[in-house]
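Visitor: protein-v2.txt is reproduced below (compact mmCIF, C-alpha atoms).
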# COMPACT_ATOMS: atom_id res chain seq x y z
CA MET G 28 32.32 -44.82 -53.70
CA SER G 29 35.56 -44.99 -51.74
CA ALA G 30 33.55 -45.52 -48.61
CA ALA G 31 31.73 -48.37 -50.32
CA ARG G 32 34.95 -49.98 -51.35
CA ARG G 33 36.22 -49.93 -47.80
CA CYS G 34 33.11 -51.79 -46.72
CA GLY G 35 34.20 -54.89 -48.67
CA PRO G 36 32.35 -57.27 -50.99
CA PRO G 37 29.55 -58.27 -48.57
CA ARG G 38 28.33 -54.67 -48.56
CA ALA G 39 27.83 -54.37 -52.36
CA LEU G 40 24.07 -54.63 -52.18
CA THR G 41 24.00 -51.93 -49.57
CA GLY G 42 26.02 -49.64 -51.84
CA LEU G 43 23.43 -50.09 -54.58
CA PHE G 44 20.69 -49.14 -52.13
CA VAL G 45 22.60 -46.03 -51.09
CA TRP G 46 22.84 -44.86 -54.72
CA HIS G 47 19.09 -44.21 -54.82
CA LEU G 48 18.96 -42.06 -51.66
CA PRO G 49 18.02 -38.38 -52.23
CA LYS G 50 21.10 -36.60 -50.80
CA PRO G 51 24.83 -37.37 -50.52
CA ALA G 52 24.86 -36.85 -46.77
CA VAL G 53 22.21 -39.48 -46.39
CA ARG G 54 23.93 -41.83 -48.78
CA GLN G 55 27.06 -41.99 -46.66
CA MET G 56 25.21 -42.83 -43.41
CA PRO G 57 24.54 -46.51 -44.16
CA CYS G 58 28.14 -47.07 -45.20
CA LYS G 59 29.45 -45.44 -42.07
CA PHE G 60 27.08 -47.58 -40.10
CA MET G 61 28.23 -50.75 -41.89
CA HIS G 62 31.84 -49.78 -41.35
CA CYS G 63 31.27 -49.33 -37.60
CA CYS G 64 29.50 -52.65 -37.41
CA GLY G 65 32.39 -54.36 -39.23
CA VAL G 66 34.93 -52.89 -36.88
CA VAL G 67 33.13 -53.95 -33.70
CA ASN G 68 33.88 -57.63 -33.14
CA LYS G 69 33.65 -58.37 -36.94
CA ARG G 70 29.99 -59.34 -36.65
CA TRP G 71 27.53 -59.95 -39.49
CA ILE G 72 24.70 -57.58 -40.21
CA THR G 73 21.62 -58.39 -38.17
CA PHE G 74 17.98 -57.35 -38.42
CA GLN G 75 18.44 -54.77 -35.66
CA HIS G 76 21.16 -53.01 -37.64
CA LEU G 77 18.91 -52.77 -40.69
CA ASN G 78 16.05 -51.52 -38.55
CA PHE G 79 18.26 -48.76 -37.09
CA LEU G 80 19.33 -47.86 -40.65
CA LYS G 81 15.69 -47.56 -41.69
CA ARG G 82 14.89 -45.25 -38.74
CA MET G 83 17.78 -42.95 -39.61
CA TYR G 84 16.67 -42.69 -43.23
CA VAL G 85 13.01 -42.07 -42.39
CA THR G 86 13.96 -39.39 -39.84
CA GLN G 87 16.11 -37.47 -42.34
CA TYR G 88 13.49 -37.84 -45.09
CA ASN G 89 10.68 -36.53 -42.82
CA LYS G 90 12.85 -33.57 -41.82
CA ASP G 91 13.30 -32.63 -45.46
CA LEU G 92 9.55 -32.89 -46.08
CA SER G 93 8.68 -30.77 -43.01
CA GLN G 94 10.97 -27.99 -44.27
CA GLN G 95 9.22 -27.93 -47.65
CA ALA G 96 5.66 -28.14 -46.31
CA LYS G 97 3.54 -25.00 -45.90
CA PRO G 98 1.35 -24.50 -42.80
CA LYS G 99 -2.31 -24.99 -43.42
CA SER G 100 -4.53 -22.04 -42.50
CA ASP G 101 -7.09 -22.60 -39.77
CA PRO G 102 -10.68 -22.79 -41.00
CA VAL G 103 -12.89 -19.91 -40.00
CA ALA G 104 -15.78 -21.04 -37.86
CA PRO G 105 -19.24 -19.79 -38.92
CA PRO G 106 -20.89 -17.26 -36.62
CA PHE G 107 -23.54 -19.63 -35.32
CA LEU G 108 -20.86 -22.09 -34.10
CA GLU G 109 -18.83 -19.53 -32.10
CA LYS G 110 -20.57 -20.39 -28.83
CA LYS G 111 -19.74 -24.07 -29.28
CA HIS G 112 -16.08 -23.29 -29.91
CA LEU G 113 -15.98 -21.03 -26.85
CA GLY G 114 -17.41 -23.77 -24.64
CA GLN G 115 -14.80 -26.33 -25.64
CA GLU G 116 -11.75 -26.89 -23.48
CA LYS G 117 -8.37 -25.45 -24.49
CA THR G 118 -6.09 -28.11 -25.95
CA VAL G 119 -2.33 -28.04 -25.49
CA ILE G 120 -0.58 -28.09 -28.91
CA ARG G 121 2.60 -30.12 -28.86
CA GLU G 122 5.21 -29.91 -31.59
CA ILE G 123 6.51 -33.26 -32.79
CA ARG G 124 10.22 -32.84 -33.35
CA PRO G 125 12.27 -35.33 -35.37
CA VAL G 126 14.79 -37.34 -33.46
CA SER G 127 18.31 -36.24 -34.30
CA PRO G 128 20.47 -38.99 -35.82
CA LEU G 129 22.44 -40.83 -33.22
CA HIS G 130 25.77 -42.50 -33.45
CA PRO G 131 25.29 -46.18 -34.13
CA PRO G 132 25.50 -48.24 -30.97
CA SER G 133 27.79 -51.13 -30.58
CA SER G 134 25.22 -53.66 -29.46
CA GLU G 135 21.49 -54.41 -29.34
CA THR G 136 21.24 -53.48 -25.67
CA LEU G 137 22.56 -49.98 -26.31
CA ASN G 138 20.03 -49.50 -29.13
CA ARG G 139 17.10 -50.36 -26.88
CA ASN G 140 18.33 -48.20 -23.98
CA GLU G 141 18.85 -45.16 -26.19
CA PHE G 142 15.44 -45.62 -27.79
CA LYS G 143 13.80 -45.75 -24.35
CA ALA G 144 15.75 -42.67 -23.21
CA VAL G 145 14.54 -40.68 -26.25
CA ASN G 146 10.93 -41.71 -25.66
CA SER G 147 11.09 -40.86 -21.95
CA ALA G 148 12.61 -37.45 -22.71
CA ALA G 149 9.78 -36.70 -25.14
CA VAL G 150 7.16 -37.73 -22.56
CA VAL G 151 8.77 -35.57 -19.87
CA GLU G 152 8.85 -32.59 -22.24
CA ASP G 153 5.15 -33.02 -23.05
CA LEU G 154 4.24 -33.26 -19.36
CA ALA G 155 6.26 -30.16 -18.51
CA THR G 156 4.52 -28.21 -21.29
CA ALA G 157 1.06 -29.29 -20.04
CA VAL G 158 1.87 -28.49 -16.39
CA GLY G 159 3.28 -25.09 -17.36
CA ALA G 160 0.10 -24.23 -19.26
CA GLU G 161 -2.11 -25.30 -16.33
CA SER G 162 -0.07 -23.33 -13.78
CA LYS G 163 -0.22 -20.25 -16.02
CA GLU G 164 -4.02 -20.48 -16.16
CA GLU G 165 -4.22 -20.88 -12.36
CA LYS G 166 -2.13 -17.75 -11.76
CA GLN G 167 -4.41 -15.59 -13.86
CA TRP G 168 -6.96 -13.41 -12.07
CA LYS G 169 -10.47 -14.78 -12.17
CA GLU G 170 -13.58 -12.69 -11.78
CA MET G 171 -15.58 -13.69 -8.72
CA LYS G 172 -19.31 -13.78 -9.31
CA LEU G 173 -21.62 -12.99 -6.42
CA GLN G 174 -24.68 -15.18 -6.25
CA LEU G 175 -27.83 -14.00 -4.50
CA ASP G 176 -28.04 -17.22 -2.47
CA ASP G 177 -24.66 -16.48 -0.85
CA LEU G 178 -25.35 -12.80 -0.17
CA PRO G 179 -27.17 -13.21 3.21
CA GLY G 180 -24.32 -15.27 4.66
CA ILE G 181 -21.69 -12.85 3.35
CA LEU G 182 -23.50 -9.84 4.83
CA ALA G 183 -23.93 -11.69 8.12
CA ARG G 184 -20.16 -12.24 8.34
CA LEU G 185 -19.52 -8.67 7.24
CA SER G 186 -21.67 -7.34 10.08
CA LYS G 187 -20.24 -9.84 12.64
CA ILE G 188 -23.65 -11.25 13.40
CA LYS G 189 -22.58 -12.94 16.66
CA LEU G 190 -21.13 -9.72 18.06
CA THR G 191 -24.25 -7.85 16.92
CA ALA G 192 -26.43 -10.37 18.74
CA LEU G 193 -24.42 -9.77 21.95
CA VAL G 194 -24.83 -5.99 21.57
CA VAL G 195 -28.60 -6.32 21.08
CA SER G 196 -28.91 -8.65 24.07
CA THR G 197 -27.09 -6.19 26.38
CA ALA G 198 -29.29 -3.32 25.13
CA SER G 199 -32.36 -5.46 25.78
CA ALA G 200 -31.10 -6.18 29.32
CA GLY G 201 -30.70 -2.45 29.93
CA PHE G 202 -34.25 -1.83 28.69
CA ALA G 203 -35.64 -4.59 30.89
CA MET G 204 -33.79 -3.32 33.97
CA ALA G 205 -35.26 0.18 33.70
CA PRO G 206 -37.73 1.03 36.51
CA VAL G 207 -40.67 1.72 34.16
CA PRO G 208 -43.51 -0.37 32.76
CA PHE G 209 -42.47 -2.58 29.87
CA ASP G 210 -43.41 -1.19 26.41
CA LEU G 211 -43.20 -3.88 23.72
CA THR G 212 -43.26 -1.48 20.75
CA CYS G 213 -40.48 0.67 22.16
CA PHE G 214 -38.48 -2.48 23.02
CA LEU G 215 -38.68 -3.79 19.44
CA LEU G 216 -37.73 -0.43 17.95
CA THR G 217 -34.76 -0.19 20.32
CA SER G 218 -33.55 -3.69 19.49
CA ILE G 219 -33.85 -3.20 15.72
CA GLY G 220 -32.20 0.23 15.78
CA THR G 221 -29.35 -0.96 17.98
CA GLY G 222 -28.79 -4.01 15.77
CA LEU G 223 -28.65 -1.88 12.61
CA ALA G 224 -26.19 0.53 14.22
CA SER G 225 -23.98 -2.38 15.28
CA CYS G 226 -24.06 -3.89 11.77
CA ALA G 227 -23.00 -0.54 10.29
CA ALA G 228 -20.11 -0.09 12.73
CA ASN G 229 -18.79 -3.62 12.19
CA SER G 230 -18.99 -3.32 8.39
CA ILE G 231 -17.03 -0.05 8.37
CA ASN G 232 -14.50 -1.61 10.74
CA GLN G 233 -13.87 -4.49 8.30
CA PHE G 234 -13.66 -2.04 5.40
CA PHE G 235 -10.80 -0.15 7.06
CA GLU G 236 -8.90 -3.26 8.22
CA VAL G 237 -8.70 -5.30 5.00
CA PRO G 238 -4.89 -4.95 4.52
CA PHE G 239 -4.25 -5.92 8.14
CA ASP G 240 -6.84 -8.70 8.36
CA SER G 241 -5.20 -10.47 5.41
CA ASN G 242 -2.09 -11.09 7.56
CA MET G 243 -4.00 -12.77 10.41
CA ASN G 244 -5.21 -16.36 10.48
CA ARG G 245 -8.23 -15.32 12.54
CA THR G 246 -9.49 -12.75 10.03
CA LYS G 247 -8.08 -13.84 6.66
CA ASN G 248 -11.38 -15.47 5.63
CA ARG G 249 -13.51 -12.35 6.05
CA PRO G 250 -15.61 -11.45 2.99
CA LEU G 251 -13.68 -8.31 2.03
CA VAL G 252 -10.31 -10.02 2.45
CA ARG G 253 -11.30 -12.92 0.20
CA GLY G 254 -12.96 -10.62 -2.34
CA GLN G 255 -16.39 -12.17 -1.94
CA ILE G 256 -17.90 -8.69 -1.83
CA SER G 257 -16.71 -5.38 -3.25
CA PRO G 258 -15.72 -2.47 -0.97
CA LEU G 259 -18.41 -0.32 -2.58
CA LEU G 260 -21.10 -2.84 -1.69
CA ALA G 261 -19.74 -3.09 1.87
CA VAL G 262 -19.87 0.68 2.36
CA SER G 263 -23.34 0.82 0.80
CA PHE G 264 -24.53 -1.88 3.18
CA ALA G 265 -23.06 0.01 6.15
CA ALA G 266 -24.79 3.21 5.08
CA SER G 267 -28.10 1.41 4.53
CA CYS G 268 -27.87 0.09 8.11
CA ALA G 269 -26.59 3.25 9.83
CA VAL G 270 -29.07 5.77 8.41
CA PRO G 271 -32.29 3.86 9.16
CA GLY G 272 -30.90 2.58 12.46
CA ILE G 273 -30.11 6.03 13.83
CA ALA G 274 -33.35 7.44 12.40
CA LEU G 275 -35.32 4.67 14.08
CA LEU G 276 -33.66 5.30 17.44
CA THR G 277 -34.06 9.09 17.17
CA LEU G 278 -37.60 9.32 15.80
CA GLY G 279 -39.10 6.06 17.02
CA VAL G 280 -37.58 5.97 20.53
CA ASN G 281 -36.08 9.28 21.71
CA PRO G 282 -33.32 11.68 20.60
CA LEU G 283 -31.04 10.74 23.53
CA THR G 284 -30.90 7.09 22.45
CA GLY G 285 -30.34 8.11 18.82
CA ALA G 286 -27.46 10.38 19.83
CA LEU G 287 -25.86 7.57 21.85
CA GLY G 288 -26.15 5.24 18.87
CA ALA G 289 -24.53 7.75 16.49
CA PHE G 290 -21.77 8.47 19.02
CA ASN G 291 -21.07 4.76 19.41
CA ILE G 292 -20.69 4.28 15.63
CA PHE G 293 -18.28 7.23 15.51
CA LEU G 294 -16.32 5.97 18.53
CA TYR G 295 -15.95 2.45 17.11
CA THR G 296 -15.06 3.34 13.52
CA CYS G 297 -13.13 6.62 13.85
CA CYS G 298 -11.42 6.20 17.25
CA TYR G 299 -11.16 2.53 18.22
CA THR G 300 -10.36 1.14 14.73
CA PRO G 301 -7.35 3.38 13.90
CA MET G 302 -6.14 3.36 17.50
CA LYS G 303 -5.64 -0.42 17.38
CA ARG G 304 -2.44 0.19 15.42
CA MET G 305 -1.27 3.16 17.48
CA SER G 306 -1.61 2.55 21.23
CA ILE G 307 -2.80 0.04 23.82
CA ILE G 308 -5.40 2.63 24.90
CA ASN G 309 -7.59 1.08 22.19
CA THR G 310 -8.62 -1.60 24.73
CA TRP G 311 -10.11 1.00 27.07
CA VAL G 312 -11.81 2.80 24.16
CA GLY G 313 -13.27 -0.50 22.98
CA ALA G 314 -14.56 -1.19 26.49
CA VAL G 315 -16.44 2.14 26.41
CA VAL G 316 -17.96 1.13 23.06
CA GLY G 317 -19.22 -2.11 24.60
CA ALA G 318 -20.58 -0.33 27.66
CA ILE G 319 -22.88 2.04 25.70
CA PRO G 320 -25.54 -0.48 24.43
CA PRO G 321 -27.02 -1.25 27.91
CA ILE G 322 -27.09 2.49 28.58
CA MET G 323 -29.00 2.92 25.31
CA GLY G 324 -31.53 0.33 26.47
CA TRP G 325 -32.01 2.16 29.76
CA THR G 326 -32.42 5.57 28.09
CA ALA G 327 -34.82 4.09 25.54
CA ALA G 328 -37.12 2.99 28.38
CA THR G 329 -36.78 5.99 30.69
CA GLY G 330 -35.69 8.82 28.41
CA SER G 331 -33.04 9.92 30.90
CA LEU G 332 -29.50 9.00 31.92
CA ASP G 333 -29.74 7.74 35.51
CA ALA G 334 -27.37 6.06 37.95
CA GLY G 335 -28.80 2.65 37.06
CA ALA G 336 -27.77 3.16 33.42
CA LEU G 337 -24.23 4.00 34.49
CA LEU G 338 -24.13 0.92 36.73
CA LEU G 339 -25.08 -1.34 33.82
CA GLY G 340 -22.51 0.36 31.65
CA GLY G 341 -19.88 -0.14 34.37
CA ILE G 342 -20.60 -3.87 34.57
CA LEU G 343 -20.19 -4.25 30.80
CA TYR G 344 -17.07 -2.08 30.90
CA SER G 345 -15.34 -4.24 33.53
CA TRP G 346 -16.48 -7.53 32.02
CA GLN G 347 -14.77 -6.79 28.69
CA PHE G 348 -11.24 -6.71 30.12
CA PRO G 349 -11.04 -10.35 31.27
CA HIS G 350 -12.95 -11.37 28.17
CA PHE G 351 -10.80 -9.59 25.59
CA ASN G 352 -7.44 -9.85 27.38
CA ALA G 353 -7.83 -13.61 27.69
CA LEU G 354 -8.81 -13.83 24.02
CA SER G 355 -5.91 -11.68 22.80
CA TRP G 356 -3.40 -13.69 24.88
CA GLY G 357 -3.89 -16.71 22.64
CA LEU G 358 -3.72 -14.55 19.50
CA ARG G 359 -0.50 -12.66 20.19
CA GLU G 360 1.28 -13.99 17.10
CA ASP G 361 -1.72 -13.08 14.94
CA TYR G 362 -1.93 -9.55 16.29
CA SER G 363 1.80 -9.10 15.77
CA ARG G 364 1.53 -10.13 12.11
CA GLY G 365 -1.45 -7.83 11.64
CA GLY G 366 0.42 -4.85 13.12
CA TYR G 367 -2.02 -4.28 15.99
CA CYS G 368 -0.82 -2.73 19.24
CA MET G 369 -2.35 -4.88 21.97
CA MET G 370 -1.55 -5.24 25.66
CA SER G 371 -0.94 -8.94 25.26
CA VAL G 372 1.81 -8.20 22.71
CA THR G 373 3.53 -5.07 24.03
CA HIS G 374 2.69 -5.23 27.78
CA PRO G 375 1.95 -8.86 28.75
CA ALA G 376 2.26 -8.28 32.51
CA MET G 377 -0.18 -5.34 32.35
CA CYS G 378 -2.58 -7.46 30.28
CA ARG G 379 -2.86 -10.08 33.04
CA ARG G 380 -2.94 -7.50 35.83
CA VAL G 381 -5.78 -5.49 34.25
CA ALA G 382 -7.82 -8.65 33.66
CA LEU G 383 -7.56 -9.65 37.33
CA ARG G 384 -8.34 -6.12 38.51
CA HIS G 385 -11.60 -5.93 36.57
CA CYS G 386 -12.63 -9.44 37.65
CA LEU G 387 -12.53 -8.18 41.23
CA ALA G 388 -14.34 -4.99 40.16
CA LEU G 389 -17.35 -7.08 39.15
CA ILE G 390 -17.84 -8.07 42.80
CA GLY G 391 -17.85 -4.42 43.85
CA LEU G 392 -20.26 -3.34 41.11
CA SER G 393 -22.66 -6.13 42.07
CA THR G 394 -22.60 -4.83 45.64
CA VAL G 395 -23.38 -1.26 44.50
CA ALA G 396 -26.53 -2.35 42.62
CA PRO G 397 -28.84 -2.54 45.70
CA ILE G 398 -27.40 0.69 47.04
CA LEU G 399 -28.58 2.49 43.87
CA ASP G 400 -32.03 0.83 44.16
CA VAL G 401 -31.51 -1.11 40.96
CA THR G 402 -31.77 -4.56 42.59
CA THR G 403 -32.51 -6.06 45.95
CA TRP G 404 -29.82 -7.19 48.41
CA ASN G 405 -30.25 -10.73 47.20
CA PHE G 406 -28.35 -9.94 44.00
CA PRO G 407 -24.89 -9.44 45.61
CA LEU G 408 -25.32 -12.70 47.51
CA ILE G 409 -26.47 -14.96 44.70
CA SER G 410 -24.02 -13.43 42.19
CA LEU G 411 -21.06 -13.84 44.54
CA PRO G 412 -20.22 -17.47 43.54
CA ILE G 413 -19.89 -16.73 39.80
CA ASN G 414 -18.01 -13.51 40.51
CA LEU G 415 -15.60 -15.36 42.79
CA TYR G 416 -15.11 -18.08 40.20
CA ILE G 417 -14.19 -15.66 37.40
CA SER G 418 -11.90 -13.84 39.86
CA TYR G 419 -10.18 -17.15 40.66
CA LEU G 420 -9.65 -17.81 36.93
CA GLY G 421 -8.36 -14.26 36.55
CA PHE G 422 -5.84 -14.92 39.31
CA ARG G 423 -4.77 -18.17 37.63
CA PHE G 424 -4.28 -16.26 34.39
CA TYR G 425 -2.23 -13.61 36.21
CA ARG G 426 -0.05 -16.20 37.95
CA ASP G 427 0.46 -18.82 35.22
CA ALA G 428 0.42 -16.62 32.10
CA ASP G 429 -0.15 -19.54 29.74
CA ARG G 430 -2.65 -20.45 27.05
CA SER G 431 -4.53 -22.92 29.21
CA SER G 432 -5.41 -20.39 31.91
CA SER G 433 -6.30 -17.72 29.34
CA ARG G 434 -8.58 -20.15 27.50
CA LYS G 435 -10.41 -21.07 30.70
CA LEU G 436 -10.92 -17.42 31.59
CA PHE G 437 -12.22 -16.62 28.11
CA PHE G 438 -14.77 -19.44 28.07
CA CYS G 439 -15.88 -18.55 31.58
CA SER G 440 -16.56 -14.97 30.47
CA LEU G 441 -18.87 -16.25 27.72
CA TRP G 442 -21.39 -17.66 30.20
CA HIS G 443 -20.64 -15.31 33.09
CA LEU G 444 -22.18 -12.19 31.51
CA PRO G 445 -25.58 -13.66 30.53
CA MET G 446 -25.78 -15.40 33.91
CA LEU G 447 -25.02 -12.16 35.77
CA LEU G 448 -27.57 -10.15 33.78
CA LEU G 449 -30.19 -12.86 34.29
CA LEU G 450 -29.61 -12.85 38.07
CA MET G 451 -29.77 -9.07 38.03
CA LEU G 452 -33.09 -9.17 36.20
CA THR G 453 -34.59 -11.67 38.68
CA CYS G 454 -33.50 -9.47 41.61
CA LYS G 455 -34.74 -6.25 40.03
CA LYS G 456 -36.59 -3.90 42.33
CA SER G 457 -40.23 -3.59 41.33
CA LEU G 458 -41.80 -0.26 40.54
CA LEU G 459 -44.24 -0.57 43.49
CA GLU G 460 -41.39 -0.97 45.99
CA LYS G 461 -39.75 2.18 44.65
CA GLU G 462 -43.00 4.15 44.87
CA ASP G 463 -43.55 3.01 48.47
CA LYS G 464 -39.99 3.99 49.36
CA SER G 465 -40.38 7.43 47.79
CA GLU G 466 -43.65 8.01 49.66
CA LEU G 467 -41.96 7.01 52.92
CA PHE G 468 -39.21 9.58 52.49
CA SER G 469 -41.71 12.25 51.44
Before anything else, please render the file you have as structure tokens.
Guide:
Amino acid sequence: MSAARRCGPPRALTGLFVWHLPKPAVRQMPCKFMHCCGVVNKRWITFQHLNFLKRMYVTQYNKDLSQQAKPKSDPVAPPFLEKKHLGQEKTVIREIRPVSPLHPPSSETLNRNEFKAVNSAAVVEDLATAVGAESKEEKQWKEMKLQLDDLPGILARLSKIKLTALVVSTASAGFAMAPVPFDLTCFLLTSIGTGLASCAANSINQFFEVPFDSNMNRTKNRPLVRGQISPLLAVSFAASCAVPGIALLTLGVNPLTGALGAFNIFLYTCCYTPMKRMSIINTWVGAVVGAIPPIMGWTAATGSLDAGALLLGGILYSWQFPHFNALSWGLREDYSRGGYCMMSVTHPAMCRRVALRHCLALIGLSTVAPILDVTTWNFPLISLPINLYISYLGFRFYRDADRSSSRKLFFCSLWHLPMLLLLMLTCKKSLLEKEDKSELFS
């Protein structure tokens, strides 16, 4: 009552109103408010002051009610409606907190600004709660479901289908270059068996290199790295390709070709793959792996390992150095992140020198072909322009040592090999010429 007396006669009605409030702490708030308003500039009570008084009372009264209220138990959904509840989206529950009583402002402008600040703070808090819930759901692990429609594409990337097509084409070229009559059934069996063996080797290679491929931009989207396929399924696919592939080459073609196919899988998966992180010798081992398919094609047609098979293998062996060294030159940062020991990373001068050396070796191997009775003497002449061109690009790569020269050499190697094998096939010595030559010497 002393507070009411200090308010003066104009506040008598307000004192009566305060007498009916539920608690003493709340009763004193209007008088303190009226006292502050009387002190500031001796103004009269306005509608805004009464409105602020009403908000303070309602806030305190709601707080008292919320403390006395008991939480209502959630209704139990019937069993037949569980699926519907599971399908609904998760809602973010926000707690509505009462606004703490503020000190009465001195003017109408301050009242509006503080009210806007409180509302904006509540909105920001709600947004932060919603964003936090969404980010938490995104960070959780999600089970990836494999659909049957996506399986052929995933297995094609797992087996490196483009590289497998190149391997089959070189084996087919070796079969076609053999000095025997063409057997279509044996050719198809050789192509299918070689393709299956290549798919198996590439799948096992990706299985072993998952931790390292995840660090490289070039290989980070492979199926095993992204989790599109399980490691067990990848190994099962490799086994289902290797066993029938080697059996087809051994039983359907000849044991020599089957042994070469099995040896190539072992060389690629157990020697080349781990050696990529140990020594730069992996490049030479990988070149041997790429040189075996044309030899397999030759042995599939003839059943023996002749000088012509070794010549074809030598051409593929030399071709791989300008091809791969130029490719790895533009991927040096990637190979460094992946932890691979490549010539382009550890020995850049040797990388360019070896590429140029084997570009020049292609000219010599093309000259040896007619000497071994594999082709006529027309082959060294008509293949000389493309061999000189790739040698010129190899020299540019050796001299400039930049990405532009390496890119030109790489793209040239992509069309150089099929063009060289096609010219070799057109200049192949016929079987009749060989028989006449053998009769002459006999």
Visitor: Identify which of the residues G:Met369, G:Leu287, G:Leu358, G:Ile342 lies closest to Asn414 in chain G, counting only C-alpha atoms when measuring atom-to-atom distances.
Guide: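 Of all the options, G:Ile342 lies closest to Asn414 in chain G.
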Visitor: Give me, as a list in words, all polymer residues having an atom no more than 8 Å from Ser225 in chain G, counting all atoms listed in the file and skipping those fewer than 3 positions away in the same chain.
Guide: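 So, after excluding close chain neighbours, the residues are Ser186, Thr191, Val194, Thr221, Gly222, Ala228, Asn229 and Ile292 of chain G.
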Visitor: Write out, as a short mmCIF file (atom, residue, chain, number, x, y, z; two decimals), in the frame of the given file, the residues just selected, with C-alpha atoms.
Guide:
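Contents of the output file out31.cif:
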data_model
loop_
_atom_site.label_atom_id
_atom_site.label_comp_id
_atom_site.auth_asym_id
_atom_site.auth_seq_id
_atom_site.Cartn_x
_atom_site.Cartn_y
_atom_site.Cartn_z
CA SER G 186 -21.67 -7.34 10.08
CA THR G 191 -24.25 -7.85 16.92
CA VAL G 194 -24.83 -5.99 21.57
CA THR G 221 -29.35 -0.96 17.98
CA GLY G 222 -28.79 -4.01 15.77
CA ALA G 228 -20.11 -0.09 12.73
CA ASN G 229 -18.79 -3.62 12.19
CA ILE G 292 -20.69 4.28 15.63
#
Visitor: Tell me which of G:Ala227, G:Leu389, G:Ile322, G:Ala269 sits closest to Gln347 in chain G, counting all atoms listed in the file.
Guide: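 Checking each candidate against Gln347 in chain G, we get G:Leu389 as the closest.
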Visitor: Of the candidates G:Leu223, G:Leu354, G:Cys368, G:Ala327, which shows the shortest atom-to-atom distance to Met302 in chain G, using all atoms listed in the file?
Guide: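 The answer is G:Cys368, which sits nearest to Met302 in chain G.
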Visitor: So what do you get for CA of Cys268 in chain G versus CA of Thr197 in chain G, distance-wise?
Guide: 19.3 Å
Visitor: So, counting only C-alpha atoms, which residue among G:Leu415, G:Leu260, G:Met243, G:Ile181 is closest to His443 in chain G?
Guide: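 Nearest candidate to His443 in chain G out of G:Leu415, G:Leu260, G:Met243, G:Ile181: G:Leu415.
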Visitor: What is the distance between CA of Pro250 in chain G and CA of Arg184 in chain G, in Å to one decimal?
Guide: 7.1 Å
Visitor: Between CA of Leu444 in chain G and CA of Val395 in chain G, what distance in Å does the model show, to one decimal?
Guide: 17.0 Å
Visitor: Counting all atoms listed in the file, figure out which residue out of G:Phe202, G:Phe234, G:Tyr295, G:Phe239 gets nearest to Gly365 in chain G.
Guide: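 Counting all atoms listed in the file, the residue closest to Gly365 in chain G is G:Phe239.
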Visitor: Name the closest residue to Ala382 in chain G among the candidates G:Thr402, G:Asn244, G:Ser363, G:Ser355; distances are taken between atoms, counting all atoms listed in the file.
Guide: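 Under the stated criterion, the closest residue is G:Ser355.
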Visitor: Using all atoms listed in the file, determine which residues lie at most 9 Å from Leu399 in chain G, disregarding the query and same-chain residues fewer than 4 positions distant; provide the list as a PDB file with C-alpha atoms, in the coordinates of the input.
Guide:
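Result file is part_9.pdb:
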ATOM      1  CA  ALA G 334     -27.370   6.060  37.950  1.00  0.00           C
ATOM      2  CA  GLY G 335     -28.800   2.650  37.060  1.00  0.00           C
ATOM      3  CA  LEU G 338     -24.130   0.920  36.730  1.00  0.00           C
ATOM      4  CA  VAL G 395     -23.380  -1.260  44.500  1.00  0.00           C
TER       5      VAL G 395
END
Visitor: Quick one: residues within 12 Å of Phe290 in chain G, all atoms listed in the file, excluding same-chain residues fewer than 6 positions away - as a ChimeraX atom specification?
Guide: /G:224-225,228,269,273,283-284,296-298,315-316,319-320,323
